[in-house]
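Structure, as structure tokens:
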Amino acid sequence: MPTHLSQHTRRLLRGTVLVCALALGASACGDSDDGGTSQKAVSEADIQAALKEGGTLTVWAWEPTLKQVATDFEKAHPGVKVNLVNAGTNKDQYTALQNAISAKKGVPDVAQVEYYAMGQFALTKQLTDLKSFGADKLSAKFSPGPWNGVKAGSDGVYALPMDSGPMALFYNKKVFDKYDIKVPTTWDEYLDAARDLHKADPKAYITADNGDAGFATSMLWQAGSRPYAVDGTKVRIDFSDQGAKTFTGTWQQLIDEKLLASVPAWTDEWYKGLGDGSIATLTTGAWMPANLESGAKSASGDWRVAPMPQWKAGDKVSAENGGSALALPELGKNEALAYAFVEYANAGDGVRTRLENGAFPATTADLRSTKFQDTAFPYFGGQKANKIFAESAAEVPDDWSYLPYQVYANSVFNDTVGKAYVSGTTLAEGLKSWQQASVEYGEEQGFTVEK
């Protein structure tokens with residue numbers, strides 16, 4: 001879902017990133033008398049002692065399955081009270097979190113942070129490096145994409161993965177069968193399918209896309225583009241590599257030939273299109289099934305899942321789209337207890353609870369389990385879609401990086417790349433414009449940006 005930031009948020013991010021980027025490790029960026037950590041090693045005995053002593057934890061998260069996890073955690077540890085707060089979804093919570101950190105007041109003990117936003121908080125030392133708790137030893141528990149996300153382009157571990165979004169192709173089998181369209185295995189075949197579908201029914205489109213930063217970066221990821229490189233406050237931004245050309249070359253044809261529905265995602269109109277077949281596919285994360293089931297109920301049984309189309313026939317490369325982790329803000333209190341909750345929720349018994357309530361795992365054992373992979377989805381005609389999602393998770397390259405100010409970069413996507421969907425600007429030109437805007441912003445914040 002595109003991220004749009006208010007002018008207030010942009011000013012806030014500018015100030016926070018600038019101050020902290022130029023003074024990494026300084027007290028202004030994550031240490032105070034009110035909380036924080038010295039990054040000393042915390043043993044398992046320390047964690048067990050904190051659980052025995054008990055206390056209250058404040059957890060900021062919008063992910064619904066955590067409600068039962070919190071209840072179960074309290075039941076297992078009677079002295080612990082978990083105060084679960086929905087401080088807003090993604091950008092709204094990030095604004096609230098930055099405000100609390102700046103004021104050094106009201107900072108939660110645990111916060112949900114999406115992978116694309118992790119760098120913004122990690123680089124500025126606003127999150128505790130969980131290596132001090134031994135979290136680095138948990139790397140084998142998680143699939144490569146999410147684990148790469150919590151490292152935030154560094155050697156730290158700034159959160160534990162909560163879920164993941166390995167991508168797949170969701171397609172309306174009823175529509176495909178009606179017009180004798182084969183399920184595409186490559187993006188060239190996808191382009192042909194788009195043409196065939198729209199020719200057969202001018203009111204039907206292969207997919208809806210009017211410019212989405214998250215989708216575009218995921219497609220670049222799969223195509224082999226690596227536009228961002230981050231080394232502390234040194235950043236490289238370059239959308240001129242072959243992977244970017246591969247993506248824009250195909251997607252530009254879909255735009256030029258008017259084969260995409262210009263319907264904003266997550267709107268009633270979008271769900272209506274998914275329900276009536278006028279939007280025939282979605283290429284998105286494995287967290288999508290529950291949204292289809294609730295938003296396009298009338299199409300139950302019509303949809304199926306297939307592997308993400310490939311840029312080169314025979315390849316097996318995927319990408320992540322979406323997903324979050326649970327982090328410990330530096331200014332939070334009672335970090336041993338907070339870490340115990342995070343580990344329980346994301347690497348312990350809480351994982352099973354969350355899966356039973358519809359979450360998609362980031363843990364490899366669950367992804368590989370027979371029970372998980374054999375789950376039949378009535379919405380997809382009884383298809384065992386988790387097999388495809390699990391394969392996708394294993395095929396995500398783990399060398400992708402986001403900018404340490406990706407939240408801001410995504411907020412100006414529609415002002416740059418988005419123009420390609422509504423004017424004569426090409427996607428390639430839009431990416432250049434996005435690159436320039438991101439470079440200028442980075443330099444304003446005190447980053448050294450390689451051109």
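Going by the structure tokens order, chains are called A, B, ..., each with residues numbered from 1, while ligands are numbered from 1 in the order shown.
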Could you tell me, as a count of residues only, which residues of segment 91-187 of chain A DSSP assigns to alpha helix (DSSP H) when given the backbone?
33
Closest contacts (segment 276-316 of chain A/segment 250-261 of chain A, max 12 Å, only C-alpha atoms) as a Markdown table:
| residue | atom | partner | partner_atom | distance |
| --- | --- | --- | --- | --- |
| A:Gly277 | CA | A:Ala261 | CA | 11.9 |
| A:Ser278 | CA | A:Ala261 | CA | 8.6 |
| A:Ile279 | CA | A:Ala261 | CA | 7.2 |
| A:Ala280 | CA | A:Ala261 | CA | 10.1 |
| A:Thr281 | CA | A:Leu260 | CA | 10.6 |
| A:Leu282 | CA | A:Leu260 | CA | 11.4 |
| A:Gln310 | CA | A:Thr250 | CA | 11.8 |
| A:Trp311 | CA | A:Thr250 | CA | 9.4 |
Name all residues at most 12 Å from Phe170 of chain A (count only C-alpha atoms; drop same-chain ones fewer than 2 positions away) and give them as a PyMOL selection string.
chain A and resi 167-168+172-173+176+183-184+206-207+274+279-289+292+302-309+379-380+383+385+388-389
Keeping N, CA, C and O atoms for every residue in the selection just given, could you write it to a file as a compact mmCIF listing (two decimals), in the first residue's frame?
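This is the output file out_29.txt:
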# COMPACT_ATOMS: atom_id res chain seq x y z
N MET A 167 6.24 -13.41 -2.45
CA MET A 167 5.24 -13.07 -3.46
C MET A 167 4.78 -14.27 -4.28
O MET A 167 5.51 -15.24 -4.46
N ALA A 168 3.56 -14.16 -4.75
CA ALA A 168 2.98 -15.17 -5.62
C ALA A 168 1.99 -14.48 -6.55
O ALA A 168 1.65 -13.31 -6.35
N ASN A 172 -7.57 -15.20 -11.18
CA ASN A 172 -8.97 -15.62 -11.23
C ASN A 172 -9.10 -16.73 -12.28
O ASN A 172 -9.15 -16.48 -13.47
N LYS A 173 -9.14 -17.97 -11.79
CA LYS A 173 -9.20 -19.14 -12.68
C LYS A 173 -10.47 -19.12 -13.53
O LYS A 173 -10.44 -19.52 -14.71
N PHE A 176 -9.76 -16.83 -16.38
CA PHE A 176 -8.75 -17.42 -17.27
C PHE A 176 -9.36 -18.55 -18.10
O PHE A 176 -9.10 -18.67 -19.30
N VAL A 183 -2.07 -19.81 -17.48
CA VAL A 183 -1.43 -19.14 -16.35
C VAL A 183 0.01 -18.80 -16.74
O VAL A 183 0.79 -19.70 -17.10
N PRO A 184 0.39 -17.53 -16.72
CA PRO A 184 1.73 -17.14 -17.16
C PRO A 184 2.83 -17.59 -16.21
O PRO A 184 2.68 -17.49 -14.99
N ILE A 206 -5.72 -7.27 -16.63
CA ILE A 206 -4.90 -8.30 -16.00
C ILE A 206 -4.65 -7.97 -14.53
O ILE A 206 -4.61 -8.85 -13.68
N THR A 207 -4.49 -6.68 -14.22
CA THR A 207 -4.30 -6.27 -12.83
C THR A 207 -4.57 -4.78 -12.71
O THR A 207 -4.74 -4.08 -13.72
N LEU A 274 -11.93 -7.21 -8.03
CA LEU A 274 -11.43 -8.54 -7.69
C LEU A 274 -12.59 -9.53 -7.57
O LEU A 274 -12.45 -10.71 -7.90
N ILE A 279 -10.70 -7.35 -12.54
CA ILE A 279 -9.27 -7.33 -12.19
C ILE A 279 -8.90 -8.79 -11.98
O ILE A 279 -9.35 -9.42 -11.03
N ALA A 280 -8.10 -9.33 -12.90
CA ALA A 280 -7.95 -10.79 -12.98
C ALA A 280 -6.77 -11.37 -12.23
O ALA A 280 -6.72 -12.59 -12.02
N THR A 281 -5.80 -10.56 -11.85
CA THR A 281 -4.65 -11.09 -11.10
C THR A 281 -4.15 -10.07 -10.08
O THR A 281 -4.42 -8.86 -10.20
N LEU A 282 -3.40 -10.58 -9.12
CA LEU A 282 -2.64 -9.77 -8.18
C LEU A 282 -1.30 -10.44 -7.99
O LEU A 282 -1.23 -11.66 -7.80
N THR A 283 -0.22 -9.68 -8.04
CA THR A 283 1.09 -10.22 -7.69
C THR A 283 1.49 -9.53 -6.39
O THR A 283 1.82 -8.35 -6.38
N THR A 284 1.38 -10.28 -5.31
CA THR A 284 1.58 -9.65 -4.01
C THR A 284 2.04 -10.67 -2.98
O THR A 284 2.33 -11.83 -3.32
N GLY A 285 2.09 -10.26 -1.71
CA GLY A 285 2.61 -11.11 -0.66
C GLY A 285 1.65 -12.20 -0.21
O GLY A 285 0.43 -12.13 -0.43
N ALA A 286 2.21 -13.18 0.47
CA ALA A 286 1.45 -14.35 0.89
C ALA A 286 0.46 -14.06 2.01
O ALA A 286 -0.30 -14.94 2.41
N TRP A 287 0.44 -12.83 2.48
CA TRP A 287 -0.52 -12.42 3.49
C TRP A 287 -1.89 -12.06 2.86
O TRP A 287 -2.83 -11.75 3.57
N MET A 288 -2.00 -12.14 1.55
CA MET A 288 -3.18 -11.67 0.85
C MET A 288 -4.44 -12.50 1.02
O MET A 288 -5.56 -11.96 0.96
N PRO A 289 -4.37 -13.83 1.22
CA PRO A 289 -5.60 -14.63 1.22
C PRO A 289 -6.70 -14.13 2.14
O PRO A 289 -7.87 -14.07 1.72
N LEU A 292 -8.52 -11.25 0.55
CA LEU A 292 -9.42 -11.66 -0.52
C LEU A 292 -10.70 -12.26 0.06
O LEU A 292 -11.81 -11.97 -0.40
N ASP A 302 -13.27 -18.96 -7.11
CA ASP A 302 -12.84 -18.54 -8.45
C ASP A 302 -11.32 -18.38 -8.54
O ASP A 302 -10.74 -18.57 -9.61
N TRP A 303 -10.69 -18.03 -7.42
CA TRP A 303 -9.27 -17.67 -7.43
C TRP A 303 -8.36 -18.86 -7.13
O TRP A 303 -8.76 -19.81 -6.47
N ARG A 304 -7.14 -18.75 -7.65
CA ARG A 304 -6.09 -19.73 -7.39
C ARG A 304 -4.77 -18.98 -7.19
O ARG A 304 -4.68 -17.77 -7.43
N VAL A 305 -3.75 -19.72 -6.78
CA VAL A 305 -2.42 -19.16 -6.56
C VAL A 305 -1.41 -19.90 -7.42
O VAL A 305 -1.48 -21.13 -7.56
N ALA A 306 -0.49 -19.16 -8.02
CA ALA A 306 0.59 -19.74 -8.83
C ALA A 306 1.91 -19.06 -8.45
O ALA A 306 1.91 -17.97 -7.87
N PRO A 307 3.04 -19.67 -8.79
CA PRO A 307 4.32 -19.01 -8.52
C PRO A 307 4.41 -17.68 -9.26
O PRO A 307 3.78 -17.48 -10.31
N MET A 308 5.16 -16.78 -8.72
CA MET A 308 5.39 -15.48 -9.34
C MET A 308 6.01 -15.68 -10.72
O MET A 308 6.96 -16.46 -10.87
N PRO A 309 5.50 -15.03 -11.77
CA PRO A 309 6.12 -15.14 -13.09
C PRO A 309 7.60 -14.74 -13.03
O PRO A 309 7.99 -13.91 -12.20
N TYR A 379 -11.29 -20.91 -0.21
CA TYR A 379 -11.43 -19.76 -1.11
C TYR A 379 -10.75 -20.04 -2.45
O TYR A 379 -11.19 -19.55 -3.49
N PHE A 380 -9.66 -20.81 -2.41
CA PHE A 380 -8.93 -21.14 -3.63
C PHE A 380 -9.31 -22.53 -4.14
O PHE A 380 -8.48 -23.25 -4.71
N GLN A 383 -7.29 -25.54 -2.91
CA GLN A 383 -5.86 -25.57 -3.24
C GLN A 383 -4.99 -25.43 -1.98
O GLN A 383 -5.31 -24.69 -1.06
N ALA A 385 -2.36 -23.74 -1.09
CA ALA A 385 -1.58 -22.58 -1.55
C ALA A 385 -0.31 -22.36 -0.76
O ALA A 385 0.66 -21.77 -1.27
N ILE A 388 3.02 -23.20 -2.37
CA ILE A 388 3.57 -22.20 -3.29
C ILE A 388 4.21 -21.05 -2.52
O ILE A 388 5.30 -20.59 -2.86
N PHE A 389 3.56 -20.62 -1.44
CA PHE A 389 4.12 -19.53 -0.64
C PHE A 389 5.46 -19.93 -0.01
O PHE A 389 6.39 -19.14 0.05
Enter the distance from atom CA of Ala390 of chain A to atom CA of Glu63 of chain A, in Å, rounded to one decimal.
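It comes out at 21.0 Å.
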Listing only residues of segment 43-106 of chain A within 10 Å of segment 394-412 of chain A, what is the closest atom pair and its distance in Å (to one decimal) for each, using only C-alpha atoms, sorted by chain and residue number ascending, as a tab-separated table?
residue	atom	partner	partner_atom	distance
A:Asn90	CA	A:Val407	CA	9.4
A:Lys91	CA	A:Val407	CA	7.6
A:Tyr94	CA	A:Val407	CA	9.1
Residue selection dump (C-alpha atoms) as a compact mmCIF listing (two decimals), in the first residue's frame:
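To be explicit, this is the file written out as out.txt:
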# COMPACT_ATOMS: atom_id res chain seq x y z
CA ASN A 90 2.59 1.78 9.48
CA LYS A 91 3.23 5.46 8.74
CA TYR A 94 5.99 5.66 12.85
Atom CA of Glu44 of chain A to atom CA of Lys104 of chain A: how many Å, to one decimal?
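Value for the atom CA of Glu44 of chain A-atom CA of Lys104 of chain A distance: 28.6 Å.
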Best match for closeness to Ala45 of chain A among A:Tyr179, A:Tyr116, A:Tyr441, A:Phe133, counting only C-alpha atoms
A:Phe133
Selection near Asn414 of chain A, 10 Å with only C-alpha atoms, sequence-local residues under 3 positions removed, as a PyMOL selection string:
chain A and resi 2-4+210-213+410-411+417-421+430+434
Emit the selected residues as a PDB file, in the first residue's frame, including N, CA, C and O atoms.
ATOM      1  N   PRO A   2       0.663   2.229  -0.870  1.00  0.00           N
ATOM      2  CA  PRO A   2       1.537   3.388  -0.926  1.00  0.00           C
ATOM      3  C   PRO A   2       1.560   4.126   0.393  1.00  0.00           C
ATOM      4  O   PRO A   2       0.594   4.145   1.135  1.00  0.00           O
ATOM      5  N   THR A   3       2.689   4.744   0.666  1.00  0.00           N
ATOM      6  CA  THR A   3       2.830   5.507   1.894  1.00  0.00           C
ATOM      7  C   THR A   3       2.776   6.984   1.574  1.00  0.00           C
ATOM      8  O   THR A   3       3.549   7.481   0.778  1.00  0.00           O
ATOM      9  N   HIS A   4       1.869   7.701   2.202  1.00  0.00           N
ATOM     10  CA  HIS A   4       1.766   9.139   2.010  1.00  0.00           C
ATOM     11  C   HIS A   4       1.989   9.814   3.349  1.00  0.00           C
ATOM     12  O   HIS A   4       1.328   9.497   4.323  1.00  0.00           O
ATOM     13  N   ASN A 210      -1.758   1.753 -10.322  1.00  0.00           N
ATOM     14  CA  ASN A 210      -1.634   3.172 -10.657  1.00  0.00           C
ATOM     15  C   ASN A 210      -0.455   3.809  -9.939  1.00  0.00           C
ATOM     16  O   ASN A 210      -0.409   5.003  -9.721  1.00  0.00           O
ATOM     17  N   GLY A 211       0.516   2.945  -9.605  1.00  0.00           N
ATOM     18  CA  GLY A 211       1.729   3.432  -8.980  1.00  0.00           C
ATOM     19  C   GLY A 211       1.787   3.105  -7.507  1.00  0.00           C
ATOM     20  O   GLY A 211       1.049   3.675  -6.716  1.00  0.00           O
ATOM     21  N   ASP A 212       2.641   2.170  -7.130  1.00  0.00           N
ATOM     22  CA  ASP A 212       2.754   1.721  -5.740  1.00  0.00           C
ATOM     23  C   ASP A 212       4.232   1.450  -5.458  1.00  0.00           C
ATOM     24  O   ASP A 212       4.840   0.580  -6.083  1.00  0.00           O
ATOM     25  N   ALA A 213       4.799   2.184  -4.507  1.00  0.00           N
ATOM     26  CA  ALA A 213       6.233   2.071  -4.224  1.00  0.00           C
ATOM     27  C   ALA A 213       6.607   0.676  -3.747  1.00  0.00           C
ATOM     28  O   ALA A 213       7.633   0.121  -4.157  1.00  0.00           O
ATOM     29  N   ASN A 410       9.344   6.494  -0.201  1.00  0.00           N
ATOM     30  CA  ASN A 410       8.066   5.968  -0.685  1.00  0.00           C
ATOM     31  C   ASN A 410       6.992   7.047  -0.749  1.00  0.00           C
ATOM     32  O   ASN A 410       6.091   6.996  -1.586  1.00  0.00           O
ATOM     33  N   SER A 411       7.094   8.039   0.130  1.00  0.00           N
ATOM     34  CA  SER A 411       6.069   9.092   0.165  1.00  0.00           C
ATOM     35  C   SER A 411       6.113   9.980  -1.075  1.00  0.00           C
ATOM     36  O   SER A 411       5.132  10.640  -1.395  1.00  0.00           O
ATOM     37  N   VAL A 417       7.759   8.519  -9.962  1.00  0.00           N
ATOM     38  CA  VAL A 417       7.452   7.353 -10.795  1.00  0.00           C
ATOM     39  C   VAL A 417       5.962   7.298 -11.133  1.00  0.00           C
ATOM     40  O   VAL A 417       5.575   6.911 -12.231  1.00  0.00           O
ATOM     41  N   GLY A 418       5.129   7.716 -10.195  1.00  0.00           N
ATOM     42  CA  GLY A 418       3.689   7.662 -10.409  1.00  0.00           C
ATOM     43  C   GLY A 418       3.209   8.439 -11.614  1.00  0.00           C
ATOM     44  O   GLY A 418       2.147   8.139 -12.177  1.00  0.00           O
ATOM     45  N   LYS A 419       3.970   9.433 -12.044  1.00  0.00           N
ATOM     46  CA  LYS A 419       3.577  10.233 -13.211  1.00  0.00           C
ATOM     47  C   LYS A 419       3.525   9.398 -14.485  1.00  0.00           C
ATOM     48  O   LYS A 419       2.828   9.754 -15.436  1.00  0.00           O
ATOM     49  N   ALA A 420       4.274   8.292 -14.495  1.00  0.00           N
ATOM     50  CA  ALA A 420       4.292   7.450 -15.695  1.00  0.00           C
ATOM     51  C   ALA A 420       2.921   6.823 -15.960  1.00  0.00           C
ATOM     52  O   ALA A 420       2.619   6.432 -17.092  1.00  0.00           O
ATOM     53  N   TYR A 421       2.093   6.748 -14.951  1.00  0.00           N
ATOM     54  CA  TYR A 421       0.780   6.132 -15.099  1.00  0.00           C
ATOM     55  C   TYR A 421      -0.278   7.122 -15.581  1.00  0.00           C
ATOM     56  O   TYR A 421      -1.370   6.712 -15.989  1.00  0.00           O
ATOM     57  N   GLY A 430      10.672   8.204 -14.680  1.00  0.00           N
ATOM     58  CA  GLY A 430      10.140   8.346 -13.333  1.00  0.00           C
ATOM     59  C   GLY A 430      11.117   7.846 -12.279  1.00  0.00           C
ATOM     60  O   GLY A 430      11.278   8.452 -11.216  1.00  0.00           O
ATOM     61  N   TRP A 434      12.747   9.822  -9.233  1.00  0.00           N
ATOM     62  CA  TRP A 434      12.686   9.295  -7.859  1.00  0.00           C
ATOM     63  C   TRP A 434      14.084   9.232  -7.253  1.00  0.00           C
ATOM     64  O   TRP A 434      14.296   9.577  -6.092  1.00  0.00           O
TER      65      TRP A 434
END
